[in-house]
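Shown next: model-v2.txt, containing compact mmCIF, C-alpha atoms.
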# COMPACT_ATOMS: atom_id res chain seq x y z
CA MET C 260 20.98 19.24 17.10
CA ALA C 261 22.77 16.39 15.41
CA GLU C 262 20.46 13.92 13.73
CA THR C 263 21.21 11.15 16.23
CA LEU C 264 19.31 9.92 19.26
CA ALA C 265 20.75 9.10 22.66
CA LEU C 266 18.83 5.99 23.71
CA ASP C 267 19.30 4.07 26.93
CA THR C 268 17.50 0.76 26.52
CA THR C 269 18.16 -0.18 30.15
CA LEU C 270 15.55 2.36 31.27
CA THR C 271 11.90 1.48 31.82
CA LYS C 272 9.57 2.29 28.93
CA ALA C 273 8.43 5.43 30.77
CA GLY C 274 12.08 6.38 31.29
CA GLN C 275 12.85 5.84 27.62
CA TYR C 276 9.98 8.15 26.66
CA GLN C 277 11.22 10.76 29.16
CA GLN C 278 14.60 10.56 27.46
CA LEU C 279 13.21 10.58 23.91
CA LEU C 280 10.55 13.30 23.98
CA PRO C 281 12.95 16.21 24.67
CA GLN C 282 15.15 14.96 21.83
CA ILE C 283 12.20 14.99 19.42
CA GLU C 284 11.32 18.47 20.63
CA ALA C 285 14.90 19.64 20.04
CA LEU C 286 14.95 18.01 16.60
CA THR C 287 11.73 19.74 15.52
CA THR C 288 12.10 23.12 17.21
CA GLY C 289 12.70 25.81 14.63
CA GLU C 290 11.84 23.51 11.72
CA PRO C 291 8.77 24.99 9.99
CA ASP C 292 8.08 22.08 7.65
CA LEU C 293 5.27 19.78 8.79
CA THR C 294 6.38 16.82 6.67
CA ALA C 295 9.93 16.96 8.00
CA ASN C 296 8.75 17.07 11.61
CA LEU C 297 6.26 14.22 11.19
CA ALA C 298 8.84 12.12 9.34
CA ASN C 299 11.53 12.59 11.97
CA THR C 300 9.04 11.88 14.75
CA ALA C 301 7.94 8.62 13.13
CA ALA C 302 11.57 7.61 12.59
CA ALA C 303 12.56 8.48 16.17
CA LEU C 304 9.69 6.46 17.67
CA ARG C 305 10.44 3.45 15.51
CA GLN C 306 14.17 3.65 16.21
CA ALA C 307 13.67 4.02 19.96
CA PHE C 308 11.10 1.27 20.46
CA GLY C 309 11.33 -0.98 17.41
CA PHE C 310 7.62 -0.67 16.70
CA PHE C 311 6.36 -2.56 13.62
CA TRP C 312 4.81 0.54 12.05
CA VAL C 313 4.73 4.22 13.06
CA GLY C 314 3.09 6.92 11.02
CA PHE C 315 0.66 9.74 10.62
CA TYR C 316 -2.65 10.09 8.84
CA LEU C 317 -3.74 13.64 8.00
CA VAL C 318 -7.36 14.77 7.90
CA LYS C 319 -8.27 15.79 4.36
CA GLY C 320 -11.99 16.32 3.87
CA ASP C 321 -13.86 13.23 5.03
CA GLU C 322 -10.81 10.96 4.98
CA LEU C 323 -7.53 10.36 6.71
CA VAL C 324 -4.73 10.37 4.13
CA LEU C 325 -1.43 8.62 4.70
CA GLY C 326 1.39 10.93 5.76
CA PRO C 327 4.99 10.30 6.77
CA PHE C 328 5.61 6.84 8.21
CA GLN C 329 8.19 4.18 8.97
CA GLY C 330 7.49 0.53 8.23
CA PRO C 331 5.86 -1.57 5.52
CA ILE C 332 3.53 -0.01 2.96
CA ALA C 333 0.22 1.07 4.42
CA CYS C 334 -3.39 1.88 3.68
CA THR C 335 -3.50 5.19 1.82
CA ARG C 336 -6.98 6.45 2.78
CA ILE C 337 -9.23 5.75 5.76
CA ARG C 338 -12.82 6.93 6.01
CA HIS C 339 -14.11 8.81 9.04
CA GLY C 340 -15.05 6.32 11.77
CA LYS C 341 -13.49 3.31 10.02
CA GLY C 342 -10.85 1.13 11.64
CA VAL C 343 -8.88 2.20 14.70
CA CYS C 344 -7.56 5.38 13.05
CA GLY C 345 -10.97 6.48 11.81
CA ALA C 346 -12.52 5.67 15.19
CA SER C 347 -9.89 7.72 17.02
CA TRP C 348 -10.63 10.63 14.68
CA ALA C 349 -14.41 10.28 15.08
CA GLN C 350 -14.24 9.92 18.87
CA ALA C 351 -11.49 12.55 19.23
CA GLN C 352 -9.63 10.37 21.70
CA THR C 353 -6.77 7.92 22.00
CA ILE C 354 -7.65 4.32 21.29
CA LEU C 355 -5.44 1.54 22.64
CA VAL C 356 -6.10 -1.90 21.14
CA PRO C 357 -4.41 -4.90 22.82
CA ASP C 358 -5.50 -7.32 20.06
CA VAL C 359 -6.50 -5.86 16.69
CA GLU C 360 -8.42 -9.05 15.81
CA GLU C 361 -10.90 -8.11 18.55
CA PHE C 362 -11.49 -4.54 17.36
CA PRO C 363 -14.73 -4.34 15.39
CA GLY C 364 -14.04 -3.07 11.88
CA HIS C 365 -10.26 -3.22 12.19
CA ILE C 366 -8.57 -2.42 8.87
CA ALA C 367 -5.77 -4.92 8.32
CA CYS C 368 -3.16 -3.00 6.34
CA SER C 369 -0.78 -5.78 7.43
CA SER C 370 -1.61 -9.17 8.86
CA ASP C 371 1.56 -8.84 10.98
CA SER C 372 0.00 -6.08 13.08
CA LYS C 373 -1.23 -7.49 16.42
CA SER C 374 -1.78 -4.46 18.68
CA GLU C 375 -2.18 -0.76 18.03
CA ILE C 376 -2.44 2.68 19.59
CA VAL C 377 -3.84 5.70 17.78
CA VAL C 378 -3.49 9.21 19.21
CA PRO C 379 -5.27 12.23 17.70
CA ILE C 380 -3.62 15.58 17.10
CA PHE C 381 -5.80 18.60 17.83
CA LYS C 382 -5.64 22.11 16.38
CA ASN C 383 -8.26 24.65 17.48
CA GLY C 384 -10.31 21.87 19.07
CA GLN C 385 -10.48 19.79 15.87
CA VAL C 386 -8.62 16.58 15.02
CA VAL C 387 -6.19 17.43 12.20
CA ALA C 388 -4.24 14.15 12.14
CA VAL C 389 -3.62 10.96 14.05
CA LEU C 390 -0.48 9.14 15.07
CA ASP C 391 -0.83 5.41 14.42
CA VAL C 392 1.58 2.96 16.05
CA ASP C 393 1.34 -0.78 15.37
CA SER C 394 3.16 -3.65 17.01
CA ASP C 395 3.66 -7.20 15.81
CA GLN C 396 3.17 -8.28 19.44
CA LEU C 397 -0.11 -8.61 21.32
CA ASN C 398 -0.71 -6.23 24.26
CA ASP C 399 2.34 -4.14 23.42
CA PHE C 400 0.89 -0.76 24.44
CA ASP C 401 -0.07 0.52 27.86
CA LEU C 402 -0.71 3.69 29.86
CA ASP C 403 2.99 4.66 29.62
CA ASP C 404 2.69 4.71 25.83
CA GLN C 405 -0.61 6.57 25.93
CA THR C 406 0.61 9.24 28.34
CA ALA C 407 3.87 9.89 26.49
CA LEU C 408 2.38 9.79 23.00
CA GLU C 409 -0.43 12.15 23.98
CA GLN C 410 2.19 14.53 25.35
CA LEU C 411 4.17 14.21 22.12
CA MET C 412 1.06 14.88 20.01
CA GLN C 413 0.52 18.12 21.96
CA LEU C 414 3.91 19.16 20.65
CA ALA C 415 2.98 17.93 17.16
CA ALA C 416 -0.11 20.15 17.21
CA THR C 417 2.21 23.19 17.14
CA TRP C 418 3.52 22.09 13.73
CA PHE C 419 0.10 22.46 12.06
Exercise: express the given structure as structure tokens:
Amino acid sequence: MAETLALDTTLTKAGQYQQLLPQIEALTTGEPDLTANLANTAAALRQAFGFFWVGFYLVKGDELVLGPFQGPIACTRIRHGKGVCGASWAQAQTILVPDVEEFPGHIACSSDSKSEIVVPIFKNGQVVAVLDVDSDQLNDFDLDDQTALEQLMQLAATWF
């Protein structure tokens, strides 16, 4: 596949995800390198939706360690259960935060971040990484994002 995305911004958000996810799958199929696949996925999501920050944190011991991302510099390490990413890891579930200022213990890597969604990636029943997506707009994430990103992270699990 050519390293370009076909994006139709006239579609609904759900429609845009339906268009994007098969392209990410095609881009990553046959590529054995985890870093390459995570990097291209972060880039594709940011390009398609213009999110403020998109990236991955990988479980390493008792911390999440920054992986491939797109956006401003970020927190490098997050402890288990801390912030939205650490909470998603600890709870082994997606966490959607409409206003990060209202999330207890939110870690402000950037004061420009206003809303956030974090989706865990599972391998053999254990969280091995999380996808973290931040927006500079309040209430920017909804069930369409959650459904599509959870589906995408099922694909990502095959890269681990």
Applying 12 Å and all atoms listed in the file, which residues near Phe419 in chain C remain after dropping the ones on its own chain fewer than 6 positions away? List them as a ChimeraX atom specification.
/C:290-297,317-318,380-383,385-388,412-413
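The interatomic distance for the pair CA of Leu390 in chain C and CA of Tyr316 in chain C works out to 6.7 Å.
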For Val392 in chain C, list every protein, DNA or RNA residue within 8 Å, evaluated using all atoms listed in the file, and leave out those in the same chain fewer than 2 positions away; present the list as a count of residues only.
10
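Distances from C:Thr300, C:Gln410, C:Gln396, C:Ser347 to Phe328 in chain C were compared using all atoms listed in the file, and the smallest one belongs to C:Thr300.
With all atoms listed in the file as the basis for measurement, C:Ala307 is the residue among C:Leu408, C:Val343, C:Trp418, C:Ala307 that approaches Gln278 in chain C most closely.
Take CA of Leu325 in chain C and CA of Ala416 in chain C: the distance between them is 17.1 Å.
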If you count all atoms listed in the file, which residues fall within 10 Å of Leu323 in chain C, apart from same-chain ones fewer than 2 positions away, as a PyMOL selection string?
chain C and resi 315-321+325-326+334-341+344-345+348+387-389
Neighbours of Lys272 in chain C within 9 Å (all atoms listed in the file; same-chain residues fewer than 4 positions away dropped), as a PyMOL selection string?
chain C and resi 268+276-277+308+403-404
Selection from above, C-alpha atoms, as a CSV table (one decimal), in the frame of the given file, can you write it?
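Generated output (out35.csv):
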chain,number,residue,atom,x,y,z
C,268,THR,CA,17.5,0.8,26.5
C,276,TYR,CA,10.0,8.2,26.7
C,277,GLN,CA,11.2,10.8,29.2
C,308,PHE,CA,11.1,1.3,20.5
C,403,ASP,CA,3.0,4.7,29.6
C,404,ASP,CA,2.7,4.7,25.8
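Comparing C:Ala349, C:Leu355, C:Ala333, C:Ala301 by their smallest distance to Ala367 in chain C, the closest is C:Ala333 (using only C-alpha atoms).
Atom pair CA of Val356 in chain C / CA of Leu264 in chain C: separated by 28.1 Å.
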Answer as a short mmCIF file (atom, residue, chain, number, x, y, z; two decimals) with C-alpha atoms, keeping the file's coordinate frame, residues within 6 Å of (17.4, 7.3, 25.9) using all atoms listed in the file:
data_model
loop_
_atom_site.label_atom_id
_atom_site.label_comp_id
_atom_site.auth_asym_id
_atom_site.auth_seq_id
_atom_site.Cartn_x
_atom_site.Cartn_y
_atom_site.Cartn_z
CA ALA C 265 20.75 9.10 22.66
CA LEU C 266 18.83 5.99 23.71
CA ASP C 267 19.30 4.07 26.93
CA GLN C 275 12.85 5.84 27.62
CA GLN C 278 14.60 10.56 27.46
CA LEU C 279 13.21 10.58 23.91
#
Of the listed residues C:Cys368, C:Leu414, C:Ala298, C:Ala407, that which approaches Ala273 in chain C most closely, counting all atoms listed in the file
C:Ala407
